[in-house]
>>> print(open('start.csv').read())   # CSV, C-alpha atoms and all ligand atoms
chain,number,residue,atom,x,y,z
A,1,MET,CA,-68.6,-41.7,12.0
A,2,ALA,CA,-65.5,-40.5,13.8
A,3,ASP,CA,-65.8,-39.9,17.5
A,4,LEU,CA,-64.8,-36.4,18.5
A,5,LEU,CA,-61.7,-36.4,20.7
A,6,THR,CA,-62.3,-34.8,24.0
A,7,ARG,CA,-59.3,-33.4,25.9
A,8,SER,CA,-58.7,-35.2,29.1
A,9,HIS,CA,-56.3,-34.3,31.9
A,10,PRO,CA,-53.6,-36.9,32.4
A,11,LEU,CA,-54.0,-36.7,36.2
A,12,GLU,CA,-57.8,-37.4,36.1
A,13,PRO,CA,-57.4,-41.1,37.1
A,14,TYR,CA,-55.4,-40.0,40.2
A,15,LEU,CA,-57.5,-37.2,41.5
A,16,THR,CA,-59.5,-39.2,43.9
A,17,ALA,CA,-56.4,-40.8,45.5
A,18,LEU,CA,-54.6,-37.4,45.6
A,19,ASP,CA,-57.7,-35.9,47.3
A,20,ALA,CA,-57.4,-38.5,50.0
A,21,LEU,CA,-53.8,-37.7,51.0
A,22,PRO,CA,-53.1,-37.4,54.7
A,23,ASP,CA,-53.2,-34.1,56.5
A,24,GLY,CA,-50.3,-31.8,55.8
A,25,LEU,CA,-50.1,-32.3,52.1
A,26,ARG,CA,-52.4,-31.1,49.3
A,27,VAL,CA,-51.8,-32.1,45.7
A,28,THR,CA,-54.1,-30.7,43.0
A,29,ALA,CA,-54.0,-30.7,39.3
A,30,GLU,CA,-53.7,-27.2,37.8
A,31,PRO,CA,-56.0,-26.4,34.8
A,32,PHE,CA,-54.4,-26.5,31.4
A,33,VAL,CA,-52.0,-23.7,30.9
A,34,ALA,CA,-50.6,-22.2,27.7
A,35,LEU,CA,-46.8,-22.5,27.5
A,36,ALA,CA,-44.3,-20.9,25.2
A,37,GLY,CA,-40.6,-21.7,25.1
A,38,LEU,CA,-38.4,-18.9,24.1
A,39,ARG,CA,-34.7,-18.3,23.2
A,40,VAL,CA,-33.3,-14.8,23.0
A,41,ASP,CA,-30.1,-12.9,23.9
A,42,PRO,CA,-30.4,-12.0,27.6
A,43,ALA,CA,-28.8,-8.6,26.7
A,44,SER,CA,-31.8,-7.7,24.5
A,45,GLY,CA,-33.5,-6.2,27.5
A,46,VAL,CA,-36.9,-7.4,26.1
A,47,GLN,CA,-40.1,-6.9,28.2
A,48,LEU,CA,-42.7,-9.6,28.0
A,49,ARG,CA,-46.2,-9.3,29.4
A,50,GLY,CA,-45.1,-6.4,31.6
A,51,ALA,CA,-42.0,-8.1,33.0
A,52,ALA,CA,-38.3,-8.2,32.2
A,53,LEU,CA,-36.8,-11.6,31.5
A,54,PRO,CA,-35.3,-12.9,34.8
A,55,THR,CA,-31.6,-13.3,34.2
A,56,THR,CA,-30.8,-14.8,37.6
A,57,PRO,CA,-30.6,-18.6,37.3
A,58,ASN,CA,-33.2,-20.6,39.1
A,59,THR,CA,-35.8,-17.8,39.4
A,60,TRP,CA,-39.3,-17.0,38.0
A,61,VAL,CA,-41.3,-13.7,37.9
A,62,PRO,CA,-45.0,-13.0,37.5
A,63,ALA,CA,-45.8,-11.9,34.0
A,64,GLY,CA,-49.4,-10.9,32.9
A,65,ASP,CA,-51.7,-13.7,34.1
A,66,GLY,CA,-48.9,-16.2,34.2
A,67,ARG,CA,-45.2,-16.5,34.8
A,68,LEU,CA,-41.8,-16.1,33.2
A,69,VAL,CA,-39.5,-18.9,34.2
A,70,TRP,CA,-35.7,-19.0,33.7
A,71,LEU,CA,-34.7,-22.2,32.1
A,72,GLY,CA,-31.2,-21.4,30.8
A,73,PRO,CA,-28.9,-18.4,30.2
A,74,ASP,CA,-30.8,-17.6,27.0
A,75,GLU,CA,-33.9,-19.7,27.4
A,76,TRP,CA,-37.2,-19.0,29.2
A,77,LEU,CA,-40.7,-20.5,29.6
A,78,VAL,CA,-43.8,-18.2,29.5
A,79,THR,CA,-46.9,-19.5,31.1
A,80,SER,CA,-50.4,-18.1,30.8
A,81,PRO,CA,-53.6,-19.8,32.0
A,82,GLY,CA,-55.8,-17.3,30.2
A,83,THR,CA,-54.4,-17.2,26.7
A,84,ALA,CA,-54.9,-19.6,23.9
A,85,PRO,CA,-51.6,-21.5,23.0
A,86,GLU,CA,-51.4,-20.2,19.5
A,87,ALA,CA,-52.2,-16.7,20.6
A,88,LEU,CA,-49.4,-16.8,23.2
A,89,GLU,CA,-46.9,-18.1,20.7
A,90,ALA,CA,-47.8,-15.4,18.2
A,91,GLU,CA,-47.7,-12.7,20.9
A,92,VAL,CA,-44.3,-13.7,22.3
A,93,ALA,CA,-42.8,-14.3,18.9
A,94,GLY,CA,-44.0,-10.9,17.8
A,95,VAL,CA,-42.1,-9.3,20.7
A,96,LEU,CA,-38.9,-11.3,20.2
A,97,ARG,CA,-38.6,-11.3,16.4
A,98,PRO,CA,-37.3,-7.7,16.2
A,99,VAL,CA,-34.4,-8.6,18.6
A,100,GLY,CA,-33.6,-11.9,16.9
A,101,GLY,CA,-35.4,-14.2,19.4
A,102,VAL,CA,-37.8,-17.1,18.8
A,103,ALA,CA,-40.8,-18.5,20.6
A,104,VAL,CA,-42.5,-21.9,20.2
A,105,ASP,CA,-45.8,-23.1,21.6
A,106,VAL,CA,-45.0,-26.0,24.0
A,107,SER,CA,-48.4,-26.1,25.7
A,108,ALA,CA,-48.8,-29.8,25.0
A,109,GLN,CA,-45.5,-30.7,26.6
A,110,ARG,CA,-46.2,-30.1,30.3
A,111,ILE,CA,-49.1,-30.0,32.8
A,112,GLY,CA,-49.1,-28.4,36.2
A,113,LEU,CA,-49.5,-29.7,39.7
A,114,ARG,CA,-49.8,-27.7,42.8
A,115,ILE,CA,-48.2,-29.2,45.9
A,116,SER,CA,-48.8,-27.4,49.2
A,117,GLY,CA,-49.0,-27.9,52.9
A,118,PRO,CA,-46.7,-28.2,56.0
A,119,ARG,CA,-45.3,-31.4,54.6
A,120,ALA,CA,-44.7,-30.3,51.0
A,121,ARG,CA,-41.0,-29.6,51.4
A,122,GLN,CA,-40.4,-32.9,53.2
A,123,VAL,CA,-42.2,-34.9,50.5
A,124,LEU,CA,-40.4,-33.1,47.6
A,125,ALA,CA,-37.1,-33.6,49.3
A,126,LYS,CA,-37.5,-37.4,49.1
A,127,GLY,CA,-37.0,-37.2,45.3
A,128,CYS,CA,-35.2,-34.0,44.7
A,129,ALA,CA,-31.6,-33.1,45.6
A,130,ILE,CA,-31.8,-29.4,45.3
A,131,ASP,CA,-31.8,-27.4,48.6
A,132,LEU,CA,-35.5,-26.8,49.4
A,133,HIS,CA,-34.8,-25.0,52.7
A,134,PRO,CA,-37.2,-22.1,53.2
A,135,ARG,CA,-34.2,-19.7,53.4
A,136,VAL,CA,-32.8,-21.0,50.1
A,137,PHE,CA,-35.7,-22.0,47.9
A,138,VAL,CA,-37.7,-18.8,48.6
A,139,PRO,CA,-40.8,-17.8,46.7
A,140,GLY,CA,-39.7,-16.7,43.2
A,141,SER,CA,-37.2,-19.6,43.0
A,142,SER,CA,-37.4,-22.2,40.3
A,143,ALA,CA,-35.5,-25.2,39.3
A,144,GLN,CA,-35.4,-27.4,36.2
A,145,THR,CA,-34.5,-30.6,37.9
A,146,THR,CA,-35.7,-34.2,38.6
A,147,LEU,CA,-38.3,-35.3,41.0
A,148,GLY,CA,-38.2,-39.0,41.4
A,149,GLN,CA,-37.2,-40.1,37.9
A,150,ALA,CA,-39.2,-37.4,36.2
A,151,GLY,CA,-37.8,-34.2,34.8
A,152,VAL,CA,-39.8,-31.2,36.3
A,153,VAL,CA,-39.8,-27.5,36.5
A,154,LEU,CA,-40.3,-26.7,40.2
A,155,LEU,CA,-41.5,-23.3,41.2
A,156,ALA,CA,-41.7,-21.9,44.8
A,157,LEU,CA,-44.9,-19.9,45.2
A,158,ASP,CA,-45.3,-19.5,48.9
A,159,GLY,CA,-42.4,-20.0,51.2
A,160,ARG,CA,-44.0,-20.1,54.7
A,161,ASP,CA,-42.1,-22.6,56.8
A,162,ASP,CA,-45.3,-24.2,58.0
A,163,ASP,CA,-47.3,-24.1,54.8
A,164,ALA,CA,-45.2,-23.9,51.7
A,165,GLU,CA,-46.7,-24.0,48.2
A,166,PHE,CA,-45.0,-25.3,45.0
A,167,ALA,CA,-46.0,-25.6,41.4
A,168,VAL,CA,-44.6,-28.5,39.4
A,169,LEU,CA,-44.6,-28.6,35.7
A,170,VAL,CA,-44.1,-32.1,34.4
A,171,ARG,CA,-44.3,-33.7,31.0
A,172,SER,CA,-47.8,-35.0,30.4
A,173,SER,CA,-46.6,-38.5,29.8
A,174,PHE,CA,-44.8,-38.5,33.1
A,175,ALA,CA,-47.8,-37.0,35.1
A,176,GLY,CA,-49.2,-40.4,36.0
A,177,TYR,CA,-45.8,-41.6,37.2
A,178,LEU,CA,-45.3,-38.5,39.3
A,179,ALA,CA,-48.8,-38.9,40.8
A,180,THR,CA,-48.1,-42.4,41.9
A,181,TRP,CA,-44.6,-41.4,43.1
A,182,LEU,CA,-46.2,-38.7,45.3
A,183,LEU,CA,-48.8,-41.1,46.6
A,184,ASP,CA,-46.1,-43.5,47.5
A,185,ALA,CA,-43.9,-40.8,49.1
A,186,CYS,CA,-46.9,-39.8,51.3
A,187,LEU,CA,-47.6,-43.3,52.6
A,188,GLU,CA,-45.7,-42.9,55.8
A,189,TYR,CA,-47.8,-39.9,56.8
A,190,ALA,CA,-51.1,-41.7,56.8
A,191,ASP,CA,-53.0,-41.6,60.1
A,192,SER,CA,-50.6,-39.2,61.7
A,193,ALA,CA,-50.8,-35.4,62.3
A,194,PRO,CA,-48.1,-33.1,60.9
A,195,THR,CA,-45.3,-32.5,63.3
A,196,SER,CA,-43.8,-29.3,61.9
B,197,MET,CA,-25.0,-39.3,45.4
B,198,GLN,CA,-22.4,-36.7,44.3
B,199,LEU,CA,-23.5,-33.1,43.6
B,200,ILE,CA,-21.9,-31.5,40.5
B,201,GLU,CA,-21.8,-27.7,40.3
B,202,CYS,CA,-23.4,-26.4,37.2
B,203,PRO,CA,-21.8,-22.9,36.4
B,204,TRP,CA,-25.4,-21.6,36.0
B,205,CYS,CA,-27.7,-23.6,38.1
B,206,GLY,CA,-25.4,-24.4,41.1
B,207,PRO,CA,-25.1,-27.8,42.8
B,208,ARG,CA,-27.2,-30.5,41.2
B,209,GLU,CA,-27.4,-34.2,41.4
B,210,GLU,CA,-24.9,-36.1,39.3
B,211,VAL,CA,-27.7,-37.9,37.3
B,212,GLU,CA,-28.7,-34.6,35.8
B,213,PHE,CA,-25.4,-34.4,33.9
B,214,HIS,CA,-24.1,-35.9,30.8
B,215,TYR,CA,-20.4,-36.6,30.3
B,216,GLY,CA,-18.8,-35.2,27.1
B,217,GLY,CA,-15.3,-36.5,27.2
B,218,GLN,CA,-12.0,-34.7,27.1
B,219,ALA,CA,-12.2,-30.9,26.7
B,220,GLY,CA,-10.1,-28.8,24.3
B,221,VAL,CA,-9.8,-31.3,21.5
B,222,PRO,CA,-9.7,-29.0,18.5
B,223,TYR,CA,-11.5,-29.8,15.3
B,224,PRO,CA,-8.9,-30.3,12.5
B,225,GLU,CA,-8.3,-27.1,10.6
B,226,ASP,CA,-8.4,-28.9,7.3
B,227,PRO,CA,-10.3,-32.2,7.9
B,228,ALA,CA,-10.1,-33.2,4.2
B,229,ALA,CA,-6.3,-33.2,4.3
B,230,LEU,CA,-6.2,-35.8,7.1
B,231,ASP,CA,-5.5,-39.4,6.2
B,232,ASP,CA,-7.4,-42.3,7.8
B,233,VAL,CA,-4.9,-42.7,10.6
B,234,GLN,CA,-5.0,-39.0,11.5
B,235,TRP,CA,-8.8,-38.9,11.3
B,236,ALA,CA,-9.1,-42.0,13.6
B,237,GLN,CA,-6.7,-40.3,15.9
B,238,TYR,CA,-8.9,-37.2,16.1
B,239,VAL,CA,-12.2,-39.1,16.4
B,240,PHE,CA,-11.3,-42.0,18.7
B,241,PHE,CA,-8.2,-41.2,20.7
B,242,ARG,CA,-8.3,-39.4,24.0
B,243,ASP,CA,-6.1,-39.0,27.0
B,244,ASN,CA,-6.9,-41.2,29.9
B,245,PRO,CA,-4.9,-39.9,32.8
B,246,LYS,CA,-5.2,-41.0,36.4
B,247,GLY,CA,-5.8,-37.7,38.2
B,248,ARG,CA,-6.6,-34.2,37.0
B,249,PHE,CA,-8.5,-34.3,33.7
B,250,GLU,CA,-10.1,-31.4,31.8
B,251,GLU,CA,-13.6,-32.6,30.6
B,252,ARG,CA,-16.8,-31.4,29.0
B,253,TRP,CA,-20.0,-31.9,30.8
B,254,SER,CA,-23.6,-31.0,29.9
B,255,HIS,CA,-26.3,-30.2,32.4
B,256,ALA,CA,-28.7,-32.4,30.5
B,257,ALA,CA,-31.7,-32.4,32.9
B,258,GLY,CA,-31.4,-28.7,33.8
B,259,CYS,CA,-30.3,-25.7,31.8
B,260,ARG,CA,-28.9,-28.1,29.0
B,261,ARG,CA,-25.7,-26.0,28.7
B,262,TRP,CA,-22.3,-27.4,28.0
B,263,PHE,CA,-19.4,-26.4,30.3
B,264,ASN,CA,-15.9,-27.4,31.1
B,265,ALA,CA,-14.7,-29.0,34.3
B,266,VAL,CA,-11.5,-30.2,35.9
B,267,ARG,CA,-12.1,-33.5,37.6
B,268,ASP,CA,-9.8,-36.0,39.3
B,269,THR,CA,-10.4,-39.3,37.7
B,270,ALA,CA,-9.1,-41.2,40.7
B,271,THR,CA,-11.2,-39.5,43.4
B,272,TYR,CA,-14.0,-38.2,41.2
B,273,ARG,CA,-13.6,-34.8,43.0
B,274,PHE,CA,-14.4,-31.8,40.8
B,275,GLU,CA,-11.7,-29.1,41.1
B,276,ARG,CA,-13.5,-26.4,39.2
B,277,VAL,CA,-16.2,-25.8,36.6
B,278,GLN,CA,-16.1,-23.1,33.9
B,279,ARG,CA,-18.5,-21.7,31.4
B,280,PRO,CA,-17.4,-21.9,27.8
B,281,ASP,CA,-18.3,-18.3,27.2
B,282,THR,CA,-15.9,-16.9,29.9
B,283,THR,CA,-12.5,-17.6,31.3
B,284,GLN,CA,-13.9,-16.9,34.7
B,285,ALA,CA,-13.7,-20.1,36.8
B,286,GLY,CA,-16.4,-21.2,39.2
B,287,THR,CA,-15.1,-23.1,42.2
B,288,ARG,CA,-16.7,-25.6,44.3
C,301,ZN,ZN,-27.4,-25.9,34.7
>>> encode(input="start.csv", output="structure tokens")
Amino acid sequence: MADLLTRSHPLEPYLTALDALPDGLRVTAEPFVALAGLRVDPASGVQLRGAALPTTPNTWVPAGDGRLVWLGPDEWLVTSPGTAPEALEAEVAGVLRPVGGVAVDVSAQRIGLRISGPRARQVLAKGCAIDLHPRVFVPGSSAQTTLGQAGVVLLALDGRDDDAEFAVLVRSSFAGYLATWLLDACLEYADSAPTS
Amino acid sequence: MQLIECPWCGPREEVEFHYGGQAGVPYPEDPAALDDVQWAQYVFFRDNPKGRFEERWSHAAGCRRWFNAVRDTATYRFERVQRPDTTQAGTR
């Protein structure tokens, strides 16, 4: 008899270690989220899940129960924690088809991490060359870039200087690498209180 | 590490980019009419100046778009970058 495959989170083996991170940094695994990649002419003026497609590079906007993330001049990522992947693809494709756009379910590609705390910026900056200053990488900013050696989509959620919050979307197969990278990047903060 | 300005995403780390060789090499109008020497010339031969060079780059780890850049091959300094869909030049 075949065993049934149960879905397991790629970060599960790291959760205990991530829980024990020093003060000033919290890293949690986000629940599975449905993702759809879409390509459409930015001039189409299309509305998705109650939001217009953000045409400013490096931004995201809230849309429905999830987000609409700018990935390129004619490319976006739709996220929705509360929609089934197939349903999200069908919904978005239905909106885009009349204007010549396409949508593809990419839910299995990435998983989400949430990184927050007074030291979040400092730790991210160790492996990421984009300007993460609170005046530059404000809430609503996004970046498809590299963190350590892993390609990520980085989203600024809360920009408070002393307690910033970021979401990181990373390829499932790189999630373990990123978790160990984060654990290593936080080593120097063990047994010390945050200074900022 | 050097930052390269993507015409869309702004300054990003050099490792996010992929080099695409000389810019403005036109595809032959009638490829079938070319003899082997002419075809080899089109496929393999590129300028190799010391100094200003017009090149193609791709923001491989970011927006994945191709763009043109003028770079000094001796100093590695980027003079300007430009979207392929516009003549408007970005400067760094
Ligand atoms: Zn780019």
>>> interface_residues(input="start.csv", of="chain A", to="chain B", cutoff="12 Å", atoms="only C-alpha atoms", output="tab-separated table (two decimals) with C-alpha atoms, in the coordinates of the input")
chain	number	residue	atom	x	y	z
A	55	THR	CA	-31.60	-13.30	34.20
A	56	THR	CA	-30.80	-14.80	37.60
A	57	PRO	CA	-30.60	-18.60	37.30
A	58	ASN	CA	-33.20	-20.60	39.10
A	59	THR	CA	-35.80	-17.80	39.40
A	69	VAL	CA	-39.50	-18.90	34.20
A	70	TRP	CA	-35.70	-19.00	33.70
A	71	LEU	CA	-34.70	-22.20	32.10
A	72	GLY	CA	-31.20	-21.40	30.80
A	73	PRO	CA	-28.90	-18.40	30.20
A	74	ASP	CA	-30.80	-17.60	27.00
A	75	GLU	CA	-33.90	-19.70	27.40
A	76	TRP	CA	-37.20	-19.00	29.20
A	77	LEU	CA	-40.70	-20.50	29.60
A	127	GLY	CA	-37.00	-37.20	45.30
A	128	CYS	CA	-35.20	-34.00	44.70
A	129	ALA	CA	-31.60	-33.10	45.60
A	130	ILE	CA	-31.80	-29.40	45.30
A	131	ASP	CA	-31.80	-27.40	48.60
A	141	SER	CA	-37.20	-19.60	43.00
A	142	SER	CA	-37.40	-22.20	40.30
A	143	ALA	CA	-35.50	-25.20	39.30
A	144	GLN	CA	-35.40	-27.40	36.20
A	145	THR	CA	-34.50	-30.60	37.90
A	146	THR	CA	-35.70	-34.20	38.60
A	147	LEU	CA	-38.30	-35.30	41.00
A	148	GLY	CA	-38.20	-39.00	41.40
A	149	GLN	CA	-37.20	-40.10	37.90
A	150	ALA	CA	-39.20	-37.40	36.20
A	151	GLY	CA	-37.80	-34.20	34.80
A	152	VAL	CA	-39.80	-31.20	36.30
A	153	VAL	CA	-39.80	-27.50	36.50
A	154	LEU	CA	-40.30	-26.70	40.20
>>> atom_distance(input="start.csv", atom1="CA of Ala52 in chain A", atom2="CA of Phe263 in chain B")
26.3 Å
>>> atom_distance(input="start.csv", atom1="CA of Ser172 in chain A", atom2="CA of Gln109 in chain A")
6.2 Å
>>> residues_around(input="start.csv", residues="Glu225 in chain B", least_positions_apart="4", cutoff="12 Å", atoms="all atoms listed in the file", output="ChimeraX atom specification")
/B:221,229-230,235,238
>>> closest_residue(input="start.csv", among="B:Tyr215, B:Ala236, B:Arg273, B:Trp262", to="ligand ZN 301 (chain C)", atoms="all atoms listed in the file")
B:Trp262
>>> closest_residue(input="start.csv", among="B:Arg252, B:Arg279, B:Arg242, B:His214", to="Val266 in chain B", atoms="all atoms listed in the file")
B:Arg252
>>> residues_around(input="start.csv", residues="Gly247 in chain B", least_positions_apart="2", cutoff="8 Å", atoms="all atoms listed in the file", output="MDAnalysis selection string")
chainID B and resid 245 249 267:271
>>> closest_residue(input="start.csv", among="B:Cys202, B:Val233, B:Val277, B:Ala265", to="Gly216 in chain B", atoms="all atoms listed in the file")
B:Ala265
>>> atom_distance(input="start.csv", atom1="CA of Leu113 in chain A", atom2="CA of Ala29 in chain A")
4.6 Å
>>> closest_residue(input="start.csv", among="B:Glu201, B:Glu250, B:Asp232, B:Asp281", to="ligand ZN 301 (chain C)", atoms="all atoms listed in the file")
B:Glu201
>>> residues_around(input="start.csv", residues="Glu86 in chain A", least_positions_apart="5", cutoff="10 Å", atoms="only C-alpha atoms", output="list in words")
Ala34, Leu35, Ala36, Glu91, Val104, Asp105, Val106 and Ser107 of chain A
>>> residues_around(input="start.csv", residues="Gly66 in chain A", least_positions_apart="5", cutoff="8 Å", atoms="only C-alpha atoms", output="list of chain:residue names")
A:Val78, A:Thr79, A:Ser80, A:Pro81
>>> write_last_selection(input="start.csv", atoms="C-alpha atoms", output="PDB file, in the frame of the given file")
ATOM      1  CA  VAL A  78     -43.800 -18.200  29.500  1.00  0.00           C
ATOM      2  CA  THR A  79     -46.900 -19.500  31.100  1.00  0.00           C
ATOM      3  CA  SER A  80     -50.400 -18.100  30.800  1.00  0.00           C
ATOM      4  CA  PRO A  81     -53.600 -19.800  32.000  1.00  0.00           C
TER       5      PRO A  81
END
